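Dropping input27.tsv in here (TSV, C-alpha atoms and all ligand atoms):
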chain	number	residue	atom	x	y	z
A	22	MET	CA	82.43	53.35	49.46
A	23	ARG	CA	79.53	51.32	50.82
A	24	LEU	CA	78.29	54.33	52.75
A	25	VAL	CA	78.43	56.53	49.67
A	26	LYS	CA	76.46	53.94	47.72
A	27	ALA	CA	73.86	53.66	50.48
A	28	LEU	CA	73.52	57.41	50.67
A	29	TRP	CA	73.21	57.66	46.93
A	30	LEU	CA	70.55	54.93	46.85
A	31	SER	CA	68.53	56.58	49.59
A	32	LEU	CA	68.78	59.90	47.75
A	33	VAL	CA	67.53	58.28	44.55
A	34	ALA	CA	64.72	56.56	46.46
A	35	SER	CA	63.58	59.79	48.09
A	36	PHE	CA	63.62	61.60	44.74
A	37	MET	CA	61.52	58.83	43.25
A	38	LEU	CA	59.06	59.03	46.13
A	39	LEU	CA	58.89	62.78	45.76
A	40	ALA	CA	58.28	62.48	42.04
A	41	LEU	CA	55.58	59.87	42.62
A	42	SER	CA	53.81	61.86	45.31
A	43	THR	CA	53.96	65.06	43.25
A	44	ALA	CA	52.50	63.29	40.22
A	45	ALA	CA	49.79	61.73	42.36
A	46	GLU	CA	48.99	65.10	43.92
A	47	ALA	CA	49.07	66.84	40.59
A	48	THR	CA	46.68	64.51	38.81
A	49	PRO	CA	43.64	63.67	40.90
A	50	PRO	CA	41.45	60.69	39.99
A	51	SER	CA	39.91	61.17	36.58
A	52	VAL	CA	37.55	59.18	34.41
A	53	THR	CA	36.13	59.77	30.96
A	54	PHE	CA	32.55	58.96	29.99
A	55	LEU	CA	31.73	58.12	26.38
A	56	MET	CA	28.24	58.49	24.97
A	57	TYR	CA	26.76	56.52	22.10
A	58	HIS	CA	23.25	56.25	20.62
A	59	HIS	CA	22.69	54.07	17.53
A	60	VAL	CA	24.89	51.17	16.42
A	61	SER	CA	23.86	51.02	12.79
A	62	GLU	CA	24.76	52.04	9.25
A	63	THR	CA	21.24	53.20	8.40
A	64	THR	CA	20.32	55.55	11.26
A	65	PRO	CA	21.10	59.33	11.36
A	66	PRO	CA	24.91	59.60	11.02
A	67	VAL	CA	25.19	62.34	13.64
A	68	THR	CA	24.08	59.97	16.44
A	69	SER	CA	25.35	56.70	14.97
A	70	VAL	CA	28.39	54.49	14.83
A	71	SER	CA	28.52	51.47	12.58
A	72	PRO	CA	29.25	48.10	14.21
A	73	ASP	CA	32.73	48.29	12.63
A	74	VAL	CA	33.42	51.69	14.18
A	75	LEU	CA	32.24	50.53	17.61
A	76	ARG	CA	34.58	47.56	17.30
A	77	GLU	CA	37.39	49.89	16.27
A	78	HIS	CA	36.79	52.08	19.36
A	79	LEU	CA	36.77	49.10	21.73
A	80	THR	CA	39.90	47.70	20.10
A	81	TYR	CA	41.61	51.05	20.58
A	82	LEU	CA	40.61	51.12	24.27
A	83	ARG	CA	41.87	47.58	24.78
A	84	ASP	CA	45.15	48.09	22.91
A	85	ASN	CA	46.02	51.43	24.53
A	86	ASN	CA	45.79	50.39	28.18
A	87	PHE	CA	42.48	52.03	28.95
A	88	ASN	CA	40.47	50.55	31.78
A	89	VAL	CA	36.80	50.29	30.90
A	90	ILE	CA	34.97	50.16	34.22
A	91	GLY	CA	31.37	50.14	35.39
A	92	ILE	CA	29.53	53.40	35.93
A	93	GLN	CA	29.06	52.77	39.67
A	94	GLN	CA	32.74	51.92	40.15
A	95	ALA	CA	33.67	55.12	38.32
A	96	LEU	CA	31.40	57.27	40.48
A	97	ALA	CA	32.66	55.60	43.67
A	98	GLY	CA	36.22	56.27	42.43
A	99	VAL	CA	35.76	59.99	41.81
A	100	ARG	CA	33.96	60.28	45.15
A	101	GLY	CA	37.06	58.82	46.79
A	102	GLU	CA	35.32	55.67	48.00
A	103	THR	CA	37.49	53.31	45.91
A	104	GLU	CA	40.70	53.52	43.86
A	105	LEU	CA	40.27	54.51	40.25
A	106	PRO	CA	42.56	52.90	37.70
A	107	ASP	CA	44.53	55.19	35.40
A	108	LYS	CA	42.89	55.88	32.02
A	109	ALA	CA	39.46	54.89	33.33
A	110	ILE	CA	36.60	54.89	30.84
A	111	VAL	CA	32.85	54.44	31.15
A	112	ILE	CA	30.82	53.45	28.10
A	113	SER	CA	27.22	54.66	27.99
A	114	PHE	CA	24.38	54.49	25.49
A	115	ASP	CA	21.24	56.63	25.39
A	116	ASP	CA	17.70	55.93	24.19
A	117	ALA	CA	17.51	52.08	24.12
A	118	TYR	CA	17.38	51.69	20.37
A	119	GLN	CA	16.83	48.15	19.12
A	120	ASN	CA	20.16	48.26	17.24
A	121	ILE	CA	22.04	48.75	20.53
A	122	PHE	CA	20.69	45.37	21.59
A	123	THR	CA	21.13	43.56	18.29
A	124	ALA	CA	24.38	45.15	17.00
A	125	GLY	CA	26.07	46.80	20.00
A	126	ARG	CA	25.53	44.18	22.71
A	127	PRO	CA	27.36	41.31	20.93
A	128	ILE	CA	30.42	43.49	20.32
A	129	LEU	CA	30.51	44.76	23.93
A	130	LYS	CA	30.19	41.15	25.09
A	131	GLU	CA	33.02	40.06	22.84
A	132	PHE	CA	35.29	42.65	24.49
A	133	ASN	CA	33.85	41.85	27.91
A	134	MET	CA	33.38	45.54	28.67
A	135	PRO	CA	30.75	46.88	31.09
A	136	TRP	CA	28.33	49.56	29.90
A	137	ALA	CA	25.33	51.61	30.96
A	138	LEU	CA	22.10	52.31	29.11
A	139	PHE	CA	19.93	55.38	29.72
A	140	VAL	CA	16.34	54.58	28.83
A	141	THR	CA	13.44	56.83	27.84
A	142	THR	CA	10.59	54.70	29.12
A	143	ASP	CA	7.49	55.74	27.09
A	144	PRO	CA	8.60	54.21	23.75
A	145	ILE	CA	9.65	50.89	25.34
A	146	GLY	CA	7.39	48.13	24.14
A	147	ASP	CA	5.39	50.53	21.93
A	148	THR	CA	7.70	50.61	18.96
A	149	PRO	CA	9.29	47.16	18.72
A	150	GLY	CA	11.25	47.77	15.52
A	151	GLN	CA	12.86	50.94	16.77
A	152	TYR	CA	13.20	50.56	20.53
A	153	MET	CA	13.98	47.64	22.81
A	154	SER	CA	11.26	45.77	24.66
A	155	TRP	CA	11.02	45.46	28.45
A	156	GLU	CA	12.14	41.83	28.06
A	157	GLN	CA	15.29	42.94	26.28
A	158	LEU	CA	15.99	45.51	29.00
A	159	GLN	CA	15.49	42.77	31.59
A	160	THR	CA	18.00	40.59	29.72
A	161	LEU	CA	20.57	43.41	29.75
A	162	HIS	CA	19.93	44.08	33.44
A	163	ASN	CA	20.44	40.37	34.20
A	164	GLU	CA	23.70	40.47	32.23
A	165	GLY	CA	24.98	43.30	34.44
A	166	VAL	CA	24.35	46.24	32.14
A	167	VAL	CA	23.42	49.26	34.28
A	168	ILE	CA	19.98	50.43	33.14
A	169	ALA	CA	19.17	54.01	34.13
A	170	ASN	CA	16.75	56.89	33.70
A	171	HIS	CA	16.58	59.10	30.58
A	172	SER	CA	13.09	60.60	31.32
A	173	SER	CA	9.64	59.34	30.32
A	174	ASP	CA	9.33	61.13	27.01
A	175	HIS	CA	12.66	62.70	26.00
A	176	ALA	CA	11.28	66.24	26.37
A	177	HIS	CA	13.42	69.37	26.23
A	178	MET	CA	13.27	69.55	30.00
A	179	PRO	CA	14.36	73.14	30.70
A	180	ARG	CA	11.67	74.40	28.30
A	181	ARG	CA	8.41	75.60	29.81
A	182	LEU	CA	5.03	75.08	28.19
A	183	GLU	CA	3.12	78.16	27.15
A	184	GLY	CA	1.70	79.96	30.18
A	185	GLU	CA	3.38	77.50	32.59
A	186	SER	CA	4.61	78.92	35.91
A	187	GLU	CA	7.95	77.90	37.43
A	188	GLN	CA	6.07	75.83	40.04
A	189	GLN	CA	3.95	74.05	37.41
A	190	TRP	CA	7.03	73.37	35.32
A	191	LEU	CA	8.94	71.91	38.27
A	192	LYS	CA	5.97	69.68	39.17
A	193	ARG	CA	5.65	68.42	35.59
A	194	ILE	CA	9.37	67.66	35.29
A	195	ARG	CA	9.49	65.99	38.71
A	196	GLU	CA	6.63	63.69	37.66
A	197	ASN	CA	8.32	62.98	34.33
A	198	ILE	CA	11.56	61.84	36.02
A	199	LEU	CA	9.87	59.93	38.84
A	200	ASN	CA	7.47	58.17	36.49
A	201	ALA	CA	10.38	56.86	34.39
A	202	GLN	CA	12.19	55.81	37.56
A	203	GLN	CA	9.11	53.98	38.85
A	204	GLN	CA	8.75	52.12	35.52
A	205	LEU	CA	12.39	51.02	35.59
A	206	GLU	CA	12.18	49.96	39.22
A	207	SER	CA	8.92	48.05	39.01
A	208	ARG	CA	9.47	46.40	35.62
A	209	ILE	CA	13.12	45.40	35.80
A	210	GLY	CA	14.13	46.05	39.38
A	211	ILE	CA	16.81	48.72	39.05
A	212	THR	CA	18.04	50.29	42.27
A	213	ASN	CA	20.40	53.01	41.00
A	214	LYS	CA	19.56	56.71	40.87
A	215	LEU	CA	21.32	57.78	37.69
A	216	PHE	CA	19.74	60.17	35.21
A	217	ALA	CA	20.80	61.45	31.79
A	218	TYR	CA	19.20	64.70	30.65
A	219	PRO	CA	17.49	64.38	27.25
A	220	TYR	CA	19.71	66.21	24.71
A	221	GLY	CA	22.05	66.83	27.67
A	222	GLU	CA	19.92	69.89	28.46
A	223	TYR	CA	19.72	71.30	31.96
A	224	ASN	CA	19.50	74.62	33.75
A	225	ASN	CA	20.17	75.51	37.38
A	226	ALA	CA	16.60	74.83	38.56
A	227	LEU	CA	16.55	71.40	36.89
A	228	LYS	CA	19.93	70.50	38.37
A	229	ASN	CA	18.64	71.46	41.81
A	230	LEU	CA	15.52	69.37	41.35
A	231	VAL	CA	17.52	66.34	40.25
A	232	ALA	CA	19.81	66.76	43.27
A	233	GLU	CA	16.81	67.05	45.58
A	234	LEU	CA	15.44	63.80	44.13
A	235	GLY	CA	18.78	62.14	44.92
A	236	PHE	CA	20.02	61.59	41.36
A	237	THR	CA	23.50	61.77	39.90
A	238	ALA	CA	22.98	63.27	36.46
A	239	PHE	CA	24.76	63.30	33.11
A	240	GLY	CA	24.93	65.80	30.28
A	241	GLN	CA	26.29	65.65	26.75
A	242	HIS	CA	29.14	68.12	27.01
A	243	SER	CA	32.87	67.36	27.06
A	244	GLY	CA	35.34	66.91	29.85
A	245	GLY	CA	37.16	64.73	32.31
A	246	VAL	CA	35.28	63.71	35.44
A	247	GLY	CA	36.89	64.01	38.87
A	248	PRO	CA	36.21	64.78	42.53
A	249	THR	CA	35.25	68.41	41.86
A	250	THR	CA	32.92	67.69	38.92
A	251	ASP	CA	29.32	68.84	39.32
A	252	PHE	CA	27.54	65.55	40.04
A	253	GLN	CA	24.33	66.87	38.52
A	254	ALA	CA	26.10	67.83	35.28
A	255	ILE	CA	28.64	65.09	34.59
A	256	PRO	CA	30.14	65.47	31.13
A	257	ARG	CA	30.13	62.68	28.56
A	258	PHE	CA	32.04	62.86	25.28
A	259	ALA	CA	29.92	62.17	22.22
A	260	ALA	CA	31.59	59.33	20.32
A	261	ALA	CA	29.37	59.10	17.23
A	262	GLY	CA	29.15	60.89	13.89
A	263	ILE	CA	31.97	63.39	13.33
A	264	TYR	CA	33.22	62.67	16.86
A	265	ALA	CA	33.87	58.98	16.13
A	266	ASN	CA	37.30	59.67	14.58
A	267	LEU	CA	39.93	58.15	16.85
A	268	ARG	CA	42.49	60.84	16.11
A	269	THR	CA	40.40	63.28	18.14
A	270	LEU	CA	38.39	60.80	20.21
A	271	GLY	CA	41.61	59.15	21.41
A	272	THR	CA	42.72	62.45	23.02
A	273	LYS	CA	39.29	62.82	24.63
A	274	MET	CA	39.40	59.28	25.97
A	275	ALA	CA	42.62	60.22	27.80
A	276	ALA	CA	41.18	63.51	29.13
A	277	LEU	CA	41.89	64.60	32.70
A	278	SER	CA	39.62	66.47	35.07
A	279	PHE	CA	40.62	69.95	36.24
A	280	THR	CA	40.36	70.39	39.98
A	281	THR	CA	37.95	73.32	40.14
A	282	HIS	CA	37.38	75.35	43.30
A	283	GLU	CA	34.59	77.51	41.91
A	284	VAL	CA	32.68	77.61	38.65
A	285	HIS	CA	30.85	80.90	38.37
A	286	TYR	CA	28.13	81.64	35.81
A	287	GLN	CA	24.56	82.86	35.93
A	288	ASP	CA	22.58	80.04	34.35
A	289	THR	CA	23.08	77.65	31.45
A	290	LEU	CA	19.63	78.46	30.02
A	291	LEU	CA	20.05	81.85	28.41
A	292	ALA	CA	17.38	84.43	27.70
A	293	HIS	CA	17.19	85.32	24.01
A	294	THR	CA	18.94	88.61	24.74
A	295	THR	CA	21.84	86.97	26.61
A	296	THR	CA	24.19	86.33	23.75
A	297	ARG	CA	27.65	86.15	25.35
A	298	PRO	CA	27.51	84.52	28.78
A	299	SER	CA	30.47	84.92	31.11
A	300	LEU	CA	32.17	81.94	32.72
A	301	GLU	CA	34.69	82.22	35.52
A	302	VAL	CA	36.58	79.23	36.85
A	303	GLU	CA	38.86	79.09	39.87
A	304	LEU	CA	41.03	76.00	39.73
A	305	ASP	CA	44.20	74.19	40.74
A	306	THR	CA	46.85	75.26	38.25
A	307	SER	CA	49.76	73.20	39.62
A	308	ASP	CA	49.86	70.66	36.78
A	309	PHE	CA	49.57	72.92	33.73
A	310	TYR	CA	50.94	76.23	32.48
A	311	THR	CA	48.22	78.88	32.66
A	312	SER	CA	49.56	80.30	29.40
A	313	GLN	CA	48.65	77.00	27.73
A	314	LEU	CA	45.00	77.00	28.78
A	315	GLN	CA	42.86	77.53	25.72
A	316	CYS	CA	39.12	77.77	25.27
A	317	PHE	CA	37.11	76.96	22.17
A	318	ILE	CA	33.69	78.41	21.45
A	319	SER	CA	31.82	77.40	18.30
A	320	GLY	CA	35.07	76.00	16.92
A	321	LYS	CA	36.95	79.29	17.46
A	322	LEU	CA	39.90	79.77	19.77
A	323	HIS	CA	39.23	82.16	22.67
A	324	SER	CA	42.06	83.07	24.99
A	325	PRO	CA	40.82	83.26	28.57
A	326	VAL	CA	41.57	86.26	30.77
A	327	TRP	CA	43.38	85.34	33.99
A	328	VAL	CA	41.66	87.54	36.58
A	329	ALA	CA	43.75	86.00	39.39
A	330	ASN	CA	46.63	83.50	39.55
A	331	ASN	CA	44.21	80.59	39.61
A	332	ARG	CA	41.04	82.11	38.18
A	333	PHE	CA	40.19	82.67	34.53
A	334	ARG	CA	37.26	84.24	32.75
A	335	VAL	CA	36.05	83.46	29.25
A	336	VAL	CA	33.33	85.19	27.25
A	337	ALA	CA	32.25	84.48	23.66
A	338	GLU	CA	33.55	87.04	21.15
A	339	HIS	CA	30.54	86.45	18.90
A	340	ASP	CA	26.87	85.99	19.78
A	341	LEU	CA	26.01	82.38	20.56
A	342	PRO	CA	23.49	80.87	18.13
A	343	ILE	CA	19.98	79.85	19.21
A	344	GLY	CA	20.14	76.39	20.79
A	345	ARG	CA	22.97	74.50	22.44
A	346	SER	CA	26.59	75.65	22.41
A	347	ARG	CA	29.59	74.96	24.55
A	348	TYR	CA	32.61	76.63	26.01
A	349	ASN	CA	35.43	74.04	25.99
A	350	CYS	CA	38.65	74.77	27.86
A	351	THR	CA	41.72	72.53	27.77
A	352	ALA	CA	45.32	72.53	28.96
A	353	PRO	CA	48.11	69.93	28.60
A	354	SER	CA	49.17	68.16	31.79
A	355	LYS	CA	52.77	68.64	32.92
A	356	ALA	CA	52.88	65.32	34.79
A	357	LYS	CA	51.08	63.15	32.25
A	358	ARG	CA	52.57	63.80	28.88
A	359	GLY	CA	50.20	63.91	25.93
A	360	ARG	CA	47.13	64.15	28.13
A	361	PHE	CA	44.85	67.17	28.44
A	362	TYR	CA	42.74	68.62	31.20
A	363	TRP	CA	39.32	69.32	29.78
A	364	PHE	CA	36.39	71.35	31.08
A	365	SER	CA	33.19	72.27	29.31
A	366	MET	CA	30.04	74.29	29.94
A	367	GLN	CA	26.93	73.87	27.88
A	368	TRP	CA	24.61	76.79	27.20
A	369	ILE	CA	21.13	76.85	25.70
A	370	ARG	CA	20.16	80.13	24.10
A	371	GLN	CA	16.40	80.51	23.62
A	372	ASP	CA	14.70	82.18	20.67
A	373	GLU	CA	12.19	84.98	21.28
A	374	GLN	CA	9.44	82.43	22.04
A	375	GLY	CA	11.60	80.43	24.48
A	376	ASN	CA	12.26	77.57	22.02
A	377	TRP	CA	15.33	76.08	20.38
A	378	PRO	CA	16.00	73.33	17.84
A	379	ASP	CA	16.55	69.62	18.61
B	1	ZN	ZN	18.48	60.74	24.34
Spit out the file's structure as structure tokens when you get a sec.
Ligand SMILES: [Zn+2]
Amino acid sequence: MRLVKALWLSLVASFMLLALSTAAEATPPSVTFLMYHHVSETTPPVTSVSPDVLREHLTYLRDNNFNVIGIQQALAGVRGETELPDKAIVISFDDAYQNIFTAGRPILKEFNMPWALFVTTDPIGDTPGQYMSWEQLQTLHNEGVVIANHSSDHAHMPRRLEGESEQQWLKRIRENILNAQQQLESRIGITNKLFAYPYGEYNNALKNLVAELGFTAFGQHSGGVGPTTDFQAIPRFAAAGIYANLRTLGTKMAALSFTTHEVHYQDTLLAHTTTRPSLEVELDTSDFYTSQLQCFISGKLHSPVWVANNRFRVVAEHDLPIGRSRYNCTAPSKAKRGRFYWFSMQWIRQDEQGNWPD
């Protein structure tokens, strides 16, 4: 009898171990980045949350077992240098608006949650009512807020000036990024090399430049972040405006990162005549049913074509509009019920003159 019990127990234990190791294998470390701009009731709704809504988001994170961690801890975690907690979240703000300091900071302090601030340096000190001062940035830095680079002037970086060669463009953009970095280093003593693209806009050449300069860089598209994420195009979920609703934002907060082996596309900056770019992704499919992978383009459902067991292709069925659009692909996890893998690509389609709207 005792032997049977011992055998049974060891069988149960090995099953549990197997289940644990399979789940761990199936869901690699994943973290979700949230992006905010204004904390105000009077700024443009599309980039704003009210103080009440920010409080509501932080309450939701606290009450639903999310782990809000620092941006450096998150990056070290997805690089495999440290353990990442489950349901890891990074909170980030762009543009250093005054209301982030006056309305956002007290709420973040109250919840004792770390955050990062991406700063466009030219307006700092010049427009006291609208943007923070260098003193305020220094205060945040001293309080442990990670202050990072969001360019000198918030230009549409992939866009060339009239008559500008590729070389001239690269030189101008390099100076733009390095000038902002130098300001942040000399004035408040930052040491990180983190960069957020203005408007989340990048193309291949810009990503390569940013990599060459040693930066980890962030966009404004959707998705979980994990070991195979492109570290010069890290997605951040917009959490303001129509995206502030917790019914949808809650799912995004719990997003998982697909393990991708190859992401194949030509470039994210599209010539005017390139209207339906092709995206092919080779990925680990062990923790979702390929039949359940769905892509959304301009709010419309697009079923991907599986060109191999672990490789899908998706192409827009309608011409992309001028400006920014995204291909979003998601699939429910088998191991983590109610949670979705999420991958996104952002495209910028140019008009005939090489421009696009803000
Ligand atoms: Zn910005």
Exercise for the section: Tell me, in Å to one decimal, how far atom CA of Lys321 of chain A is from atom CA of Gln371 of chain A. Expected result: 21.5 Å
Practice task
Output the neighbourhood of ligand ZN 1 (chain B) as a PyMOL selection string, that is, all protein and nucleic acid residues with some atom at most 7 Å from the ligand, counting all atoms listed in the file.
Solution key: chain A and resi 115-116+171+175+219-220
Problem - From A:Thr148, A:Arg257, A:Gln202, A:Ala238, residue lying nearest Tyr57 of chain A [all atoms listed in the file] - result: A:Arg257
Completion exercise
Asn349 of chain A proximity check over A:Leu300, A:Met134, A:Ile369, A:Ala217, using only C-alpha atoms: winner is A:Leu300
Practice task
With a distance cut-off of 6 Å and all atoms listed in the file, select the neighbouring residues of segment 303-306 of chain A, excluding the residue or stretch itself and same-chain residues fewer than 2 positions from it, and output the selection as a ChimeraX atom specification.
Solution key: /A:280-283,308-309,331-332
Store the residues picked out above, limited to C-alpha atoms, as an mmCIF file, in the frame of the given file.
data_model
loop_
_atom_site.group_PDB
_atom_site.id
_atom_site.type_symbol
_atom_site.label_atom_id
_atom_site.label_comp_id
_atom_site.auth_asym_id
_atom_site.auth_seq_id
_atom_site.Cartn_x
_atom_site.Cartn_y
_atom_site.Cartn_z
ATOM 1 C CA THR A 280 40.360 70.390 39.980
ATOM 2 C CA THR A 281 37.950 73.320 40.140
ATOM 3 C CA HIS A 282 37.380 75.350 43.300
ATOM 4 C CA GLU A 283 34.590 77.510 41.910
ATOM 5 C CA ASP A 308 49.860 70.660 36.780
ATOM 6 C CA PHE A 309 49.570 72.920 33.730
ATOM 7 C CA ASN A 331 44.210 80.590 39.610
ATOM 8 C CA ARG A 332 41.040 82.110 38.180
#
Problem - Nearby residues (all atoms listed in the file) at most 8 Å from Ser299 of chain A, same-chain spacing under 3 positions excluded, as a list in words - result: Tyr286, Gln287, Arg334, Val335, Val336 and Ala337 of chain A
Written file, previous selection with C-alpha atoms, as a PDB file, in the coordinates of the input:
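For reference, result-v4.pdb as written:
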ATOM      1  CA  TYR A 286      28.130  81.640  35.810  1.00  0.00           C
ATOM      2  CA  GLN A 287      24.560  82.860  35.930  1.00  0.00           C
ATOM      3  CA  ARG A 334      37.260  84.240  32.750  1.00  0.00           C
ATOM      4  CA  VAL A 335      36.050  83.460  29.250  1.00  0.00           C
ATOM      5  CA  VAL A 336      33.330  85.190  27.250  1.00  0.00           C
ATOM      6  CA  ALA A 337      32.250  84.480  23.660  1.00  0.00           C
TER       7      ALA A 337
END
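Computed from the coordinates, the atom CA of Glu185 of chain A to atom CA of Pro144 of chain A distance equals 25.5 Å.
Closest approach to Gly150 of chain A among A:Gly184, A:Ala352, A:Glu131, A:Asn120 is made by A:Asn120 (distances from all atoms listed in the file).
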Please provide as a PDB file with C-alpha atoms, in the frame of the given file all residues within 12 Å of Glu206 of chain A, with the sequence filter that same-chain residues fewer than 3 positions apart are discarded (counting all atoms listed in the file).
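Saved as out-v1.pdb:
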ATOM      1  CA  THR A 142      10.590  54.700  29.120  1.00  0.00           C
ATOM      2  CA  TRP A 155      11.020  45.460  28.450  1.00  0.00           C
ATOM      3  CA  LEU A 158      15.990  45.510  29.000  1.00  0.00           C
ATOM      4  CA  GLN A 159      15.490  42.770  31.590  1.00  0.00           C
ATOM      5  CA  HIS A 162      19.930  44.080  33.440  1.00  0.00           C
ATOM      6  CA  ILE A 168      19.980  50.430  33.140  1.00  0.00           C
ATOM      7  CA  ALA A 169      19.170  54.010  34.130  1.00  0.00           C
ATOM      8  CA  ASN A 170      16.750  56.890  33.700  1.00  0.00           C
ATOM      9  CA  LEU A 199       9.870  59.930  38.840  1.00  0.00           C
ATOM     10  CA  ASN A 200       7.470  58.170  36.490  1.00  0.00           C
ATOM     11  CA  ALA A 201      10.380  56.860  34.390  1.00  0.00           C
ATOM     12  CA  GLN A 202      12.190  55.810  37.560  1.00  0.00           C
ATOM     13  CA  GLN A 203       9.110  53.980  38.850  1.00  0.00           C
ATOM     14  CA  ILE A 209      13.120  45.400  35.800  1.00  0.00           C
ATOM     15  CA  GLY A 210      14.130  46.050  39.380  1.00  0.00           C
ATOM     16  CA  ILE A 211      16.810  48.720  39.050  1.00  0.00           C
ATOM     17  CA  THR A 212      18.040  50.290  42.270  1.00  0.00           C
ATOM     18  CA  ASN A 213      20.400  53.010  41.000  1.00  0.00           C
ATOM     19  CA  LYS A 214      19.560  56.710  40.870  1.00  0.00           C
TER      20      LYS A 214
END
Exercise for the section: Figure out the distance between atom CA of Ser172 of chain A and atom CA of Gly146 of chain A, please, to one decimal in Å. Expected result: 15.5 Å
Handout entry: Selected residue of minimal separation from Tyr152 of chain A among A:Leu290, A:Val140, A:Val167, A:Leu322, counting only C-alpha atoms
Key = A:Val140
Practice task
Can you pull out every residue within 10 Å of Arg370 of chain A, counting all atoms listed in the file, but drop anything in the same chain fewer than 3 positions away, and send it as a ChimeraX atom specification?
Solution key: /A:289-298,340-346,367,373,375-377
Restrict the calculation to only C-alpha atoms, then for each residue of segment 350-369 of chain A with any atom at most 12 Å from an atom of segment 246-256 of chain A give the closest atom pair and their distance in Å to one decimal, rows by chain and rising residue number, as a tab-separated table.
residue	atom	partner	partner_atom	distance
A:Tyr362	CA	A:Val246	CA	9.9
A:Trp363	CA	A:Val246	CA	8.9
A:Phe364	CA	A:Pro256	CA	8.6
A:Ser365	CA	A:Pro256	CA	7.7
A:Met366	CA	A:Pro256	CA	8.9
A:Gln367	CA	A:Pro256	CA	9.6
Dump as an mmCIF file with C-alpha atoms, in the frame of the given file all residues having an atom at most 12 Å from (33.4, 51.8, 34.4), computed in the file's coordinates with all atoms listed in the file.
data_model
loop_
_atom_site.group_PDB
_atom_site.id
_atom_site.type_symbol
_atom_site.label_atom_id
_atom_site.label_comp_id
_atom_site.auth_asym_id
_atom_site.auth_seq_id
_atom_site.Cartn_x
_atom_site.Cartn_y
_atom_site.Cartn_z
ATOM 1 C CA SER A 51 39.910 61.170 36.580
ATOM 2 C CA VAL A 52 37.550 59.180 34.410
ATOM 3 C CA THR A 53 36.130 59.770 30.960
ATOM 4 C CA PHE A 54 32.550 58.960 29.990
ATOM 5 C CA LEU A 55 31.730 58.120 26.380
ATOM 6 C CA PHE A 87 42.480 52.030 28.950
ATOM 7 C CA ASN A 88 40.470 50.550 31.780
ATOM 8 C CA VAL A 89 36.800 50.290 30.900
ATOM 9 C CA ILE A 90 34.970 50.160 34.220
ATOM 10 C CA GLY A 91 31.370 50.140 35.390
ATOM 11 C CA ILE A 92 29.530 53.400 35.930
ATOM 12 C CA GLN A 93 29.060 52.770 39.670
ATOM 13 C CA GLN A 94 32.740 51.920 40.150
ATOM 14 C CA ALA A 95 33.670 55.120 38.320
ATOM 15 C CA LEU A 96 31.400 57.270 40.480
ATOM 16 C CA ALA A 97 32.660 55.600 43.670
ATOM 17 C CA GLY A 98 36.220 56.270 42.430
ATOM 18 C CA VAL A 99 35.760 59.990 41.810
ATOM 19 C CA LEU A 105 40.270 54.510 40.250
ATOM 20 C CA PRO A 106 42.560 52.900 37.700
ATOM 21 C CA ASP A 107 44.530 55.190 35.400
ATOM 22 C CA LYS A 108 42.890 55.880 32.020
ATOM 23 C CA ALA A 109 39.460 54.890 33.330
ATOM 24 C CA ILE A 110 36.600 54.890 30.840
ATOM 25 C CA VAL A 111 32.850 54.440 31.150
ATOM 26 C CA ILE A 112 30.820 53.450 28.100
ATOM 27 C CA SER A 113 27.220 54.660 27.990
ATOM 28 C CA ASN A 133 33.850 41.850 27.910
ATOM 29 C CA MET A 134 33.380 45.540 28.670
ATOM 30 C CA PRO A 135 30.750 46.880 31.090
ATOM 31 C CA TRP A 136 28.330 49.560 29.900
ATOM 32 C CA ALA A 137 25.330 51.610 30.960
ATOM 33 C CA GLY A 165 24.980 43.300 34.440
ATOM 34 C CA VAL A 166 24.350 46.240 32.140
ATOM 35 C CA VAL A 167 23.420 49.260 34.280
#
Can I get segment 304-311 of chain A with N, CA and C atoms filled in, as a PDB file, in the coordinates of the input?
ATOM      1  N   LEU A 304      40.604  77.391  39.803  1.00  0.00           N
ATOM      2  CA  LEU A 304      41.030  76.000  39.730  1.00  0.00           C
ATOM      3  C   LEU A 304      42.474  75.808  40.165  1.00  0.00           C
ATOM      4  N   ASP A 305      42.829  74.563  40.387  1.00  0.00           N
ATOM      5  CA  ASP A 305      44.200  74.190  40.740  1.00  0.00           C
ATOM      6  C   ASP A 305      45.034  74.228  39.468  1.00  0.00           C
ATOM      7  N   THR A 306      46.052  75.082  39.467  1.00  0.00           N
ATOM      8  CA  THR A 306      46.850  75.260  38.250  1.00  0.00           C
ATOM      9  C   THR A 306      48.208  74.570  38.341  1.00  0.00           C
ATOM     10  N   SER A 307      48.405  73.718  39.373  1.00  0.00           N
ATOM     11  CA  SER A 307      49.760  73.200  39.620  1.00  0.00           C
ATOM     12  C   SER A 307      50.275  72.264  38.531  1.00  0.00           C
ATOM     13  N   ASP A 308      49.385  71.629  37.769  1.00  0.00           N
ATOM     14  CA  ASP A 308      49.860  70.660  36.780  1.00  0.00           C
ATOM     15  C   ASP A 308      49.725  71.114  35.323  1.00  0.00           C
ATOM     16  N   PHE A 309      49.539  72.420  35.118  1.00  0.00           N
ATOM     17  CA  PHE A 309      49.570  72.920  33.730  1.00  0.00           C
ATOM     18  C   PHE A 309      50.051  74.374  33.751  1.00  0.00           C
ATOM     19  N   TYR A 310      50.533  74.842  32.596  1.00  0.00           N
ATOM     20  CA  TYR A 310      50.940  76.230  32.480  1.00  0.00           C
ATOM     21  C   TYR A 310      49.718  77.053  32.123  1.00  0.00           C
ATOM     22  N   THR A 311      49.436  78.083  32.919  1.00  0.00           N
ATOM     23  CA  THR A 311      48.220  78.880  32.660  1.00  0.00           C
ATOM     24  C   THR A 311      48.239  79.478  31.248  1.00  0.00           C
TER      25      THR A 311
END
